[in-house]
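What follows is the content of entry-v3.txt (compact mmCIF, C-alpha atoms).
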# COMPACT_ATOMS: atom_id res chain seq x y z
CA MET A 182 43.81 46.88 -9.54
CA ASN A 183 45.27 44.02 -11.48
CA ASP A 184 44.18 40.39 -11.03
CA SER A 185 46.05 37.25 -11.96
CA THR A 186 45.76 33.49 -11.66
CA ASN A 187 48.33 30.86 -10.88
CA PRO A 188 47.58 27.57 -12.68
CA SER A 189 49.93 24.69 -12.02
CA SER A 190 51.37 24.50 -15.53
CA ALA A 191 54.18 27.00 -16.06
CA PHE A 192 53.27 27.28 -19.74
CA ALA A 193 49.64 28.01 -18.96
CA ARG A 194 50.69 30.44 -16.21
CA LEU A 195 52.36 32.63 -18.81
CA LEU A 196 49.28 32.68 -21.02
CA TYR A 197 46.30 32.99 -18.69
CA PRO A 198 44.68 36.45 -18.98
CA ILE A 199 41.67 37.56 -17.00
CA ARG A 200 38.52 38.98 -18.56
CA SER A 201 36.23 40.47 -15.90
CA GLY A 202 37.40 37.93 -13.37
CA LYS A 203 37.50 34.90 -15.68
CA ASN A 204 40.28 33.02 -17.40
CA SER A 205 40.34 32.75 -21.18
CA LYS A 206 39.23 29.28 -22.25
CA ALA A 207 40.48 29.93 -25.79
CA ILE A 208 44.05 30.35 -24.58
CA TYR A 209 43.64 27.50 -22.11
CA TYR A 210 42.61 25.12 -24.89
CA ALA A 211 45.36 26.35 -27.21
CA GLY A 212 48.00 25.60 -24.59
CA ALA A 213 46.43 22.26 -23.71
CA VAL A 214 46.32 21.11 -27.34
CA LEU A 215 49.91 22.19 -27.92
CA SER A 216 51.01 20.23 -24.86
CA MET A 217 49.61 17.06 -26.44
CA LEU A 218 52.30 17.30 -29.09
CA VAL A 219 54.93 16.39 -26.49
CA PRO A 220 55.44 12.58 -26.42
CA PRO A 221 54.29 10.96 -23.14
CA ALA A 222 57.66 9.20 -22.94
CA TYR A 223 59.26 12.55 -22.12
CA PHE A 224 57.13 12.91 -19.00
CA ARG A 225 57.42 9.26 -17.93
CA ALA A 226 61.20 9.51 -18.03
CA ARG A 227 61.06 12.36 -15.51
CA ARG A 228 58.53 10.85 -13.06
CA GLU A 229 60.81 9.01 -10.64
CA ARG A 230 63.30 11.88 -10.49
CA LEU A 231 60.52 14.34 -9.67
CA LEU A 232 58.98 12.09 -7.03
CA GLY A 233 62.41 11.42 -5.55
CA SER A 234 63.10 15.15 -5.29
CA ILE A 235 60.32 15.57 -2.70
CA ALA A 236 62.48 14.12 0.09
CA GLY A 237 65.06 16.87 -0.26
CA ARG A 238 62.67 19.81 -0.37
CA PRO A 239 62.05 22.10 2.62
CA ASP A 240 58.31 21.81 1.97
CA ARG A 241 58.30 17.99 1.80
CA ASP A 242 55.96 17.66 4.79
CA GLU A 243 53.50 20.05 3.15
CA ILE A 244 53.61 18.06 -0.10
CA GLU A 245 53.15 14.72 1.62
CA SER A 246 50.35 15.90 3.91
CA ARG A 247 48.42 17.46 1.07
CA ALA A 248 48.81 14.36 -1.08
CA ALA A 249 47.70 12.12 1.79
CA TYR A 250 44.62 14.28 2.35
CA CYS A 251 43.64 14.19 -1.32
CA CYS A 252 44.24 10.43 -1.59
CA LYS A 253 43.41 8.83 1.75
CA LEU A 254 43.76 5.24 0.51
CA GLU A 255 46.51 2.99 1.84
CA PRO A 256 48.79 0.97 -0.52
CA GLY A 257 47.04 -2.12 -1.87
CA ALA A 258 43.83 -1.36 0.01
CA ALA A 259 41.54 -0.70 -2.93
CA PRO A 260 42.21 -2.77 -6.08
CA LEU A 261 40.11 -1.81 -9.07
CA PRO A 262 37.52 -4.47 -9.99
CA PRO A 263 36.92 -5.61 -13.59
CA PRO A 264 34.57 -3.18 -15.37
CA GLU A 265 31.97 -5.89 -16.00
CA SER A 266 31.55 -6.45 -12.25
CA LEU A 267 30.72 -2.86 -11.43
CA PRO A 268 27.23 -1.57 -10.60
CA ARG A 269 25.89 0.95 -13.07
CA LYS A 270 25.38 3.79 -10.63
CA ASP A 271 28.26 5.78 -9.13
CA ALA A 272 30.95 3.48 -10.50
CA PRO A 273 33.00 4.99 -13.34
CA PRO A 274 34.59 2.05 -15.21
CA PRO A 275 38.40 1.86 -15.04
CA ILE A 276 40.37 2.66 -18.17
CA ARG A 277 44.05 2.51 -19.03
CA VAL A 278 46.12 5.69 -19.12
CA ARG A 279 46.77 5.12 -22.81
CA ASP A 280 43.02 4.83 -23.55
CA GLN A 281 41.94 8.15 -22.08
CA SER A 282 40.35 10.09 -24.93
CA LEU A 283 39.08 13.62 -25.44
CA PRO A 284 35.32 13.75 -24.68
CA ARG A 285 32.77 16.02 -26.30
CA LYS A 286 31.85 17.52 -22.94
CA LYS A 287 33.88 18.37 -19.84
CA SER A 288 37.08 18.51 -21.85
CA VAL A 289 38.79 20.67 -19.21
CA TYR A 290 38.65 17.63 -16.91
CA PHE A 291 40.38 15.57 -19.59
CA PHE A 292 43.20 18.08 -20.08
CA ASP A 293 43.66 18.75 -16.35
CA SER A 294 43.87 15.05 -15.46
CA ARG A 295 45.97 14.14 -18.49
CA GLU A 296 48.51 16.80 -17.50
CA TRP A 297 49.64 14.48 -14.67
CA LEU A 298 48.48 11.02 -15.81
CA ARG A 299 50.89 11.14 -18.73
CA TYR A 300 53.79 10.84 -16.26
CA PHE A 301 52.69 7.27 -15.46
CA PRO A 302 52.92 3.98 -17.42
CA ALA A 303 50.38 3.66 -20.21
CA GLU A 304 49.02 0.31 -18.97
CA LEU A 305 47.99 1.54 -15.51
CA ARG A 306 44.24 1.71 -14.94
CA PHE A 307 42.27 4.46 -13.26
CA SER A 308 38.66 5.47 -12.71
CA TYR A 309 37.73 9.01 -13.55
CA TRP A 310 34.54 10.87 -12.63
CA PRO A 311 34.39 14.38 -14.11
CA GLY A 312 31.88 17.02 -13.10
CA ASP A 313 30.47 18.45 -9.87
CA LYS A 314 30.38 15.43 -7.56
CA THR A 315 28.59 15.40 -4.21
CA ARG A 316 28.60 11.62 -3.78
CA VAL A 317 31.38 9.10 -3.22
CA PRO A 318 31.97 6.70 -6.14
CA ALA A 319 31.61 2.94 -5.71
CA VAL A 320 35.27 2.44 -6.68
CA PRO A 321 38.34 4.64 -6.09
CA ALA A 322 38.11 7.40 -8.69
CA LEU A 323 39.75 10.70 -9.57
CA VAL A 324 37.29 13.53 -8.89
CA LYS A 325 37.21 17.31 -8.70
CA SER A 326 34.97 17.45 -5.62
CA ARG A 327 33.75 15.26 -2.79
CA PRO A 328 31.72 15.48 0.44
CA VAL A 329 33.67 16.64 3.47
CA ALA A 330 31.84 14.41 5.95
CA GLY A 331 31.67 10.63 6.06
CA ASP A 332 33.87 8.00 4.43
CA ASN A 333 35.09 9.89 1.37
CA GLY A 334 38.32 7.95 0.80
CA ARG A 335 37.28 6.50 -2.57
CA SER A 336 37.00 10.08 -3.89
CA VAL A 337 40.59 11.00 -4.81
CA LEU A 338 40.95 14.71 -5.38
CA LEU A 339 42.82 16.06 -8.39
CA ASN A 340 42.91 19.69 -9.46
CA MET A 341 40.43 19.59 -12.33
CA ASP A 342 38.46 22.44 -13.91
CA LYS A 343 41.09 24.76 -12.46
CA ILE A 344 40.55 27.33 -15.20
CA ARG A 345 37.22 28.12 -13.49
CA HIS A 346 38.03 27.44 -9.87
CA PHE A 347 41.66 28.43 -9.36
CA LEU A 348 41.63 32.16 -9.82
CA PHE A 349 43.77 34.26 -7.47
CA VAL A 350 43.94 38.02 -6.96
CA SER A 351 47.41 39.56 -7.12
CA ARG A 352 46.63 43.16 -6.07
CA ASP A 353 43.73 44.68 -4.21
CA ILE A 354 42.85 47.81 -2.25
CA PRO A 355 43.18 47.58 1.56
CA PHE A 356 40.29 46.19 3.59
CA ALA A 357 39.82 49.51 5.41
CA GLU A 358 39.20 51.36 2.13
CA LYS A 359 36.34 49.09 1.03
CA ASP A 360 32.67 49.70 1.67
CA ASP A 361 30.87 47.88 4.46
CA LEU A 362 28.47 45.94 2.24
CA ALA A 363 28.34 42.17 1.85
CA ILE A 364 27.90 41.11 -1.78
CA PHE A 365 26.79 37.97 -3.57
CA ARG A 366 26.60 37.51 -7.33
CA GLY A 367 25.88 34.17 -8.94
CA THR A 368 23.28 31.80 -10.29
CA VAL A 369 20.56 30.95 -7.81
CA ARG A 370 18.10 28.80 -9.78
CA ASP A 371 18.15 25.12 -8.75
CA LYS A 372 20.55 25.86 -5.88
CA PRO A 373 18.66 25.48 -2.57
CA LYS A 374 21.37 27.00 -0.36
CA ARG A 375 21.42 30.19 -2.40
CA ILE A 376 17.63 30.37 -2.62
CA ALA A 377 17.47 30.21 1.18
CA LEU A 378 19.94 33.10 1.44
CA PHE A 379 17.88 35.28 -0.90
CA GLU A 380 14.58 34.42 0.76
CA ARG A 381 15.96 35.55 4.09
CA HIS A 382 18.12 38.56 3.25
CA PHE A 383 17.44 39.93 -0.23
CA GLY A 384 17.04 43.71 0.03
CA ALA A 385 18.24 43.83 3.65
CA PRO A 386 20.39 46.77 4.79
CA GLY A 387 24.11 46.22 4.35
CA MET A 388 23.69 43.48 1.74
CA ASP A 389 23.91 43.50 -2.03
CA LEU A 390 22.49 40.21 -3.32
CA GLY A 391 21.96 39.53 -7.01
CA ASP A 392 20.80 36.48 -8.97
CA THR A 393 22.56 36.30 -12.34
CA SER A 394 20.56 33.28 -13.57
CA ARG A 395 19.12 33.63 -17.08
CA ARG A 396 15.72 32.91 -15.58
CA ALA A 397 15.80 34.30 -12.07
CA VAL A 398 13.86 32.51 -9.35
CA ARG A 399 12.09 35.80 -8.68
CA ALA A 400 12.07 38.79 -11.01
CA GLU A 401 13.18 41.19 -8.29
CA TRP A 402 16.27 39.08 -7.61
CA ARG A 403 17.56 39.36 -11.20
CA THR A 404 20.77 41.40 -11.33
CA PRO A 405 23.45 41.82 -14.01
CA GLU A 406 26.75 40.09 -13.39
CA ALA A 407 29.38 42.03 -11.45
CA THR A 408 33.03 41.87 -12.45
CA LEU A 409 35.63 40.66 -9.99
CA ARG A 410 36.83 44.23 -9.58
CA GLU A 411 33.33 45.42 -8.74
CA GLN A 412 32.85 42.74 -6.14
CA LEU A 413 36.20 43.52 -4.54
CA ARG A 414 34.98 46.98 -3.59
CA HIS A 415 33.14 45.30 -0.69
CA LYS A 416 34.63 44.19 2.62
CA PHE A 417 32.56 41.00 2.72
CA ILE A 418 31.85 38.52 -0.07
CA LEU A 419 29.39 35.68 0.44
CA CYS A 420 30.70 32.29 -0.73
CA ILE A 421 27.66 30.04 -0.96
CA GLU A 422 27.86 26.48 -2.30
CA GLY A 423 25.98 25.79 -5.52
CA ASN A 424 26.26 22.45 -7.33
CA ASP A 425 29.16 21.53 -5.06
CA VAL A 426 31.70 24.05 -3.71
CA ALA A 427 31.52 27.84 -3.81
CA SER A 428 33.57 28.55 -6.93
CA ASN A 429 34.47 32.10 -5.82
CA LEU A 430 36.09 31.06 -2.54
CA LYS A 431 39.65 30.81 -3.89
CA TRP A 432 39.84 34.32 -5.31
CA VAL A 433 37.98 35.80 -2.35
CA MET A 434 40.48 34.32 0.12
CA SER A 435 43.36 35.66 -1.97
CA SER A 436 41.92 39.19 -1.86
CA ASN A 437 41.50 41.82 0.86
CA SER A 438 37.80 41.00 1.18
CA ILE A 439 36.62 38.46 3.75
CA ALA A 440 34.87 35.22 2.79
CA VAL A 441 31.56 34.81 4.65
CA MET A 442 29.89 31.39 4.48
CA PRO A 443 28.45 28.41 6.33
CA ARG A 444 30.88 25.59 7.05
CA PRO A 445 31.64 23.84 3.71
CA GLU A 446 29.92 20.54 2.95
CA TYR A 447 32.07 19.82 -0.13
CA GLU A 448 35.74 20.19 -0.94
CA THR A 449 38.18 20.23 -3.84
CA TRP A 450 41.94 20.45 -4.33
CA PHE A 451 41.72 23.62 -2.16
CA GLN A 452 40.95 21.39 0.84
CA GLU A 453 37.94 23.41 1.96
CA GLY A 454 37.22 20.81 4.64
CA LEU A 455 40.36 21.88 6.54
CA LEU A 456 39.51 25.58 6.63
CA GLU A 457 38.88 26.81 10.18
CA PRO A 458 35.84 28.98 10.90
CA GLY A 459 36.77 32.24 12.56
CA VAL A 460 40.36 31.77 11.34
CA HIS A 461 40.17 31.60 7.53
CA TYR A 462 36.62 32.88 7.01
CA VAL A 463 33.60 34.25 8.86
CA GLU A 464 31.28 31.35 9.62
CA ILE A 465 27.51 31.85 9.50
CA ARG A 466 24.71 29.43 10.26
CA PRO A 467 23.33 27.27 7.41
CA ASP A 468 20.00 29.10 7.73
CA TYR A 469 21.80 32.50 7.56
CA ALA A 470 19.94 33.78 10.64
CA ASP A 471 23.10 35.24 12.21
CA LEU A 472 24.44 36.90 9.05
CA PRO A 473 23.59 40.53 10.02
CA GLU A 474 25.02 39.99 13.50
CA LYS A 475 28.30 38.53 12.20
CA LEU A 476 28.76 41.32 9.65
CA ALA A 477 28.13 43.98 12.30
CA TRP A 478 30.68 42.40 14.65
CA TYR A 479 33.49 42.36 12.10
CA ARG A 480 32.65 45.90 10.95
CA ASN A 481 33.22 47.00 14.53
CA HIS A 482 36.34 44.86 15.04
CA PRO A 483 38.60 45.60 12.06
CA ALA A 484 41.66 44.10 13.76
CA GLU A 485 39.91 40.72 13.89
CA ALA A 486 38.96 41.10 10.24
CA GLU A 487 42.60 41.77 9.32
CA ARG A 488 43.63 38.66 11.26
CA ILE A 489 41.28 36.54 9.16
CA LEU A 490 42.66 38.11 5.99
CA ALA A 491 46.22 37.22 6.99
CA ALA A 492 45.28 33.58 7.67
CA ALA A 493 43.34 33.35 4.40
CA HIS A 494 46.30 34.70 2.42
CA ALA A 495 48.63 32.21 4.09
CA TRP A 496 46.28 29.38 3.10
CA VAL A 497 46.13 30.51 -0.52
CA ASP A 498 49.93 30.80 -0.66
CA ARG A 499 50.13 27.02 -0.24
CA PHE A 500 48.69 26.67 -3.77
CA ARG A 501 50.64 29.36 -5.60
CA ASP A 502 53.90 27.52 -6.38
CA PRO A 503 53.64 25.67 -9.75
CA ALA A 504 56.57 23.36 -8.90
CA ARG A 505 54.92 22.30 -5.65
CA GLU A 506 51.54 21.83 -7.34
CA ARG A 507 53.15 19.47 -9.84
CA LEU A 508 54.78 17.40 -7.10
CA VAL A 509 51.58 17.18 -5.04
CA SER A 510 49.66 16.10 -8.15
CA LEU A 511 52.20 13.41 -9.00
CA ARG A 512 52.28 12.17 -5.42
CA VAL A 513 48.45 11.95 -5.34
CA LEU A 514 48.47 9.77 -8.47
CA ASP A 515 51.40 7.73 -7.16
CA ARG A 516 49.40 7.05 -3.98
CA TYR A 517 46.31 6.20 -6.07
CA PHE A 518 48.14 3.67 -8.25
CA ARG A 519 49.78 2.12 -5.16
CA ALA A 520 46.42 1.93 -3.37
CA THR A 521 44.93 0.10 -6.35
CA GLY A 522 47.83 -2.38 -6.33
CA GLN A 523 49.46 -1.23 -9.56
CA ARG A 524 52.73 0.27 -8.29

In structure tokens, what does this structure look like?
Amino acid sequence: MNDSTNPSSAFARLLYPIRSGKNSKAIYYAGAVLSMLVPPAYFRARRERLLGSIAGRPDRDEIESRAAYCCKLEPGAAPLPPPESLPRKDAPPPIRVRDQSLPRKKSVYFFDSREWLRYFPAELRFSYWPGDKTRVPAVPALVKSRPVAGDNGRSVLLNMDKIRHFLFVSRDIPFAEKDDLAIFRGTVRDKPKRIALFERHFGAPGMDLGDTSRRAVRAEWRTPEATLREQLRHKFILCIEGNDVASNLKWVMSSNSIAVMPRPEYETWFQEGLLEPGVHYVEIRPDYADLPEKLAWYRNHPAEAERILAAAHAWVDRFRDPARERLVSLRVLDRYFRATGQR
């Protein structure tokens, strides 16, 4: 089995290797630093032509609907206030495009946002909130993640930290040839949703749960990490939210294993909030009480399992085209700058 990922940058797409189910950060950073050698004027000169090309594309409705979902703000509806007027909490201060600088931490967020911000005029201002975000900022800001429920319009989704989150499987063994187990591997410490899963089902028949935390919550939960290939031997893979979204959901839905999870509370560029339970994944209760029952049902109804796989693959295919990803990203930022009264 061979795995591959599909980042939005064509240059990066040629370079990304996978090591046990992970992208190489060394090659990611090398490509990102090299891209900084290209003058921003080159990208700004192409912006209007690229945005104008959307109207003539057969997937224009897909591009526009995705951009509108990621940036829900209407033109002129949310001007950015002066930095000195902002509250300290949950209000990242606006900066100009030209003033964005490489931070010591969370540099992948810098490179992933800069990839598209450099297409826009240097004097435009934006707010930027890197990291795993489960709250809505006080001002419209570019974020990787946001809550699904409630008024989340000030959280404008951009595909950031994609080296970790956007990993897709290119080849896999058929669902029918996999074992019937449900597997989970990941860090559990300080993640209440995962702790609840382990407390209820660790060691239960038909389940293979392992805590890969350096200091496991319980000694008996401690398990070595499993490679992507090892996890894909199972028909069912549990996708349980940690700090925000379940980071394995993208590659699971691109594989021939079925994602099993409660309804998502957080979403990213992948638009997890639009996924339909029973269509794109097997939904289980937040307390995991019905997990054995749901697994047994899909083991006994393989045709229904294959139907979910087909819908999951179709969803993932929406994010595989680098040209489309670029246009959606540019349209999201165009909507953001118009919403803040700068375009």

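Of the listed residues (A:Ser294, A:Ser234, A:Thr408, A:Ser308), A:Ser308 comes nearest to Leu267 of chain A; the distances count all atoms listed in the file.
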
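With all atoms listed in the file as the atoms that count, the minimum distance from Ser510 of chain A to the choices A:Gly212, A:Lys325, A:Gln452, A:Leu338 is reached by A:Leu338.
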
- request: Calculate how many Å separate atom CA of Gly391 of chain A from atom CA of Arg375 of chain A, rounding to one decimal.
  value: 10.4 Å

query: Leaving out Phe224 of chain A and any residue of its chain fewer than 2 positions from it, which residues lie within 9 Å of it when counting all atoms listed in the file, given as a PyMOL selection string?
result: chain A and resi 219-222+226-228+297+299-301

Would you save the residues of that selection, restricted to C-alpha atoms, as a short mmCIF file (atom, residue, chain, number, x, y, z; two decimals), in the coordinates of the input?
data_model
loop_
_atom_site.label_atom_id
_atom_site.label_comp_id
_atom_site.auth_asym_id
_atom_site.auth_seq_id
_atom_site.Cartn_x
_atom_site.Cartn_y
_atom_site.Cartn_z
CA VAL A 219 54.93 16.39 -26.49
CA PRO A 220 55.44 12.58 -26.42
CA PRO A 221 54.29 10.96 -23.14
CA ALA A 222 57.66 9.20 -22.94
CA ALA A 226 61.20 9.51 -18.03
CA ARG A 227 61.06 12.36 -15.51
CA ARG A 228 58.53 10.85 -13.06
CA TRP A 297 49.64 14.48 -14.67
CA ARG A 299 50.89 11.14 -18.73
CA TYR A 300 53.79 10.84 -16.26
CA PHE A 301 52.69 7.27 -15.46
#

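The coordinates place atom CA of Arg277 of chain A at 6.5 Å from atom CA of Ala303 of chain A.
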
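As for atom CA of Trp310 of chain A and atom CA of Arg366 of chain A, they are spaced 28.3 Å apart.
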
message: Can you pull out the residues contacting segment 432-440 of chain A? Cut-off 8 Å, using only C-alpha atoms, and skip same-chain residues under 6 positions away; I want them as an MDAnalysis selection string.
response: chainID A and resid 347:356 413 415:420 461:463 486 489:490 493:494 497

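Nearest residue to Ser394 of chain A, choosing from A:Leu339, A:Glu406, A:Asp242, A:Tyr250 and counting only C-alpha atoms: A:Glu406.
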
query: Which one is closest to Gly459 of chain A: A:Met217, A:Val329, A:Met442, A:Leu305? Count only C-alpha atoms.
result: A:Met442

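Remark: for Val369 of chain A, the closest of the candidate residues A:Leu254, A:Ile421, A:Val513, A:Met388 is A:Ile421 (distances computed over all atoms listed in the file).
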
query: Which one is closest to Arg519 of chain A: A:Phe365, A:Phe500, A:Phe292, A:Phe307? Count all atoms listed in the file.
result: A:Phe307

query: Which neighbours of Ala492 of chain A fall inside 8 Å, counting all atoms listed in the file, when residues of the same chain fewer than 4 positions from it are skipped, and could you give them as a VMD selection string?
result: chain A and resid 460 to 461 488 496

query: If you count only C-alpha atoms, which residues fall within 12 Å of Lys270 of chain A, apart from same-chain ones fewer than 5 positions away, as a ChimeraX atom specification?
result: /A:310,316-320

Cut-off 7 Å around (33.8, 25.9, -2.0) with only C-alpha atoms: residues as a short mmCIF file (atom, residue, chain, number, x, y, z; two decimals) with C-alpha atoms, keeping the file's coordinate frame:
data_model
loop_
_atom_site.label_atom_id
_atom_site.label_comp_id
_atom_site.auth_asym_id
_atom_site.auth_seq_id
_atom_site.Cartn_x
_atom_site.Cartn_y
_atom_site.Cartn_z
CA GLU A 422 27.86 26.48 -2.30
CA VAL A 426 31.70 24.05 -3.71
CA ALA A 427 31.52 27.84 -3.81
CA SER A 428 33.57 28.55 -6.93
CA LEU A 430 36.09 31.06 -2.54
CA PRO A 445 31.64 23.84 3.71
CA TYR A 447 32.07 19.82 -0.13
CA GLU A 448 35.74 20.19 -0.94
CA GLU A 453 37.94 23.41 1.96
#
